Amino acid sequence: MNKQEIYQEIEKILNEINDISKSLSSSREFISENSNKRAQARLAEIESNLQIIAGRIAEINSVL
């Protein structure tokens, strides 16, 4: 991975974190509406996405 690829990957990760933040907001809405199953599904998806991002960050860290 060269510097340009690292910067591009970081930019993608930041965009994904922004999307996850919006998804957390909708999860809060589901909870407030007592749609707990929908909230649980959304939170499980968020958890999975965060684990994927953590793996990508670890890969960048190993390159650095």
# chains A, B, ... in the order shown; residues from 1 in each chain; ligands from 1
$ residues_around --residues "stretch 17-19 of chain A" --least-positions-apart "4" --cutoff "10 Å" --atoms "only C-alpha atoms" --output "PyMOL selection string"
chain A and resi 11-13+23-25+46+49-50+53
$ residues_around --residues "stretch 60-62 of chain A" --least-positions-apart "2" --cutoff "9 Å" --atoms "only C-alpha atoms" --output "PyMOL selection string"
chain A and resi 1+6+9-10+55-58+64
$ write_last_selection --atoms "N, CA and C atoms" --output "PDB file, in the first residue's frame"
ATOM      1  N   MET A   1       0.841  -1.174   0.000  1.00  0.00           N
ATOM      2  CA  MET A   1       0.000   0.000   0.000  1.00  0.00           C
ATOM      3  C   MET A   1       0.888   1.240   0.000  1.00  0.00           C
ATOM      4  N   ILE A   6      -3.270   4.630   0.942  1.00  0.00           N
ATOM      5  CA  ILE A   6      -3.585   4.782   2.359  1.00  0.00           C
ATOM      6  C   ILE A   6      -4.531   5.962   2.564  1.00  0.00           C
ATOM      7  N   GLU A   9      -7.963   5.051   1.344  1.00  0.00           N
ATOM      8  CA  GLU A   9      -8.614   4.126   2.266  1.00  0.00           C
ATOM      9  C   GLU A   9      -9.112   4.867   3.511  1.00  0.00           C
ATOM     10  N   ILE A  10      -8.302   5.781   4.012  1.00  0.00           N
ATOM     11  CA  ILE A  10      -8.709   6.576   5.174  1.00  0.00           C
ATOM     12  C   ILE A  10      -9.929   7.417   4.834  1.00  0.00           C
ATOM     13  N   GLY A  55     -10.640  -3.789  11.174  1.00  0.00           N
ATOM     14  CA  GLY A  55      -9.700  -4.629  10.439  1.00  0.00           C
ATOM     15  C   GLY A  55      -8.946  -3.842   9.386  1.00  0.00           C
ATOM     16  N   ARG A  56      -9.640  -2.975   8.697  1.00  0.00           N
ATOM     17  CA  ARG A  56      -8.981  -2.151   7.673  1.00  0.00           C
ATOM     18  C   ARG A  56      -7.991  -1.178   8.301  1.00  0.00           C
ATOM     19  N   ILE A  57      -8.340  -0.633   9.456  1.00  0.00           N
ATOM     20  CA  ILE A  57      -7.426   0.263  10.159  1.00  0.00           C
ATOM     21  C   ILE A  57      -6.192  -0.514  10.631  1.00  0.00           C
ATOM     22  N   ALA A  58      -6.398  -1.725  11.111  1.00  0.00           N
ATOM     23  CA  ALA A  58      -5.268  -2.553  11.525  1.00  0.00           C
ATOM     24  C   ALA A  58      -4.339  -2.824  10.347  1.00  0.00           C
ATOM     25  N   LEU A  64       2.108   0.956   8.022  1.00  0.00           N
ATOM     26  CA  LEU A  64       2.862   2.106   8.508  1.00  0.00           C
ATOM     27  C   LEU A  64       3.946   1.661   9.449  1.00  0.00           C
TER      28      LEU A  64
END
$ atom_distance --atom1 "atom CA of A:Glu29" --atom2 "atom CA of A:Ala41"
13.2 Å
$ atom_distance --atom1 "atom CA of A:Gln4" --atom2 "atom CA of A:Glu16"
18.4 Å
$ residues_around --residues "stretch 26-28 of chain A" --least-positions-apart "3" --cutoff "7 Å" --atoms "only C-alpha atoms" --output "number ranges by chain"
A: 22-23, 31-32, 39, 42-43
$ write_last_selection --atoms "N, CA and C atoms" --output "compact mmCIF listing (two decimals), in the first residue's frame"
# COMPACT_ATOMS: atom_id res chain seq x y z
N LYS A 22 -25.04 8.13 11.10
CA LYS A 22 -26.43 8.35 10.69
C LYS A 22 -27.28 7.12 11.01
N SER A 23 -26.70 5.95 10.83
CA SER A 23 -27.42 4.72 11.12
C SER A 23 -27.70 4.59 12.61
N ILE A 31 -35.71 2.73 18.62
CA ILE A 31 -35.86 2.46 20.05
C ILE A 31 -36.95 3.35 20.65
N SER A 32 -36.95 4.62 20.26
CA SER A 32 -37.96 5.53 20.80
C SER A 32 -39.37 5.15 20.34
N ALA A 39 -34.31 -2.04 15.72
CA ALA A 39 -33.13 -1.42 16.32
C ALA A 39 -32.03 -2.46 16.53
N ARG A 42 -30.44 -3.24 13.20
CA ARG A 42 -29.59 -2.12 12.76
C ARG A 42 -28.30 -2.08 13.57
N LEU A 43 -28.40 -2.28 14.89
CA LEU A 43 -27.20 -2.25 15.73
C LEU A 43 -26.26 -3.41 15.43
$ atom_distance --atom1 "atom CA of A:Tyr7" --atom2 "atom CA of A:Ala44"
28.1 Å
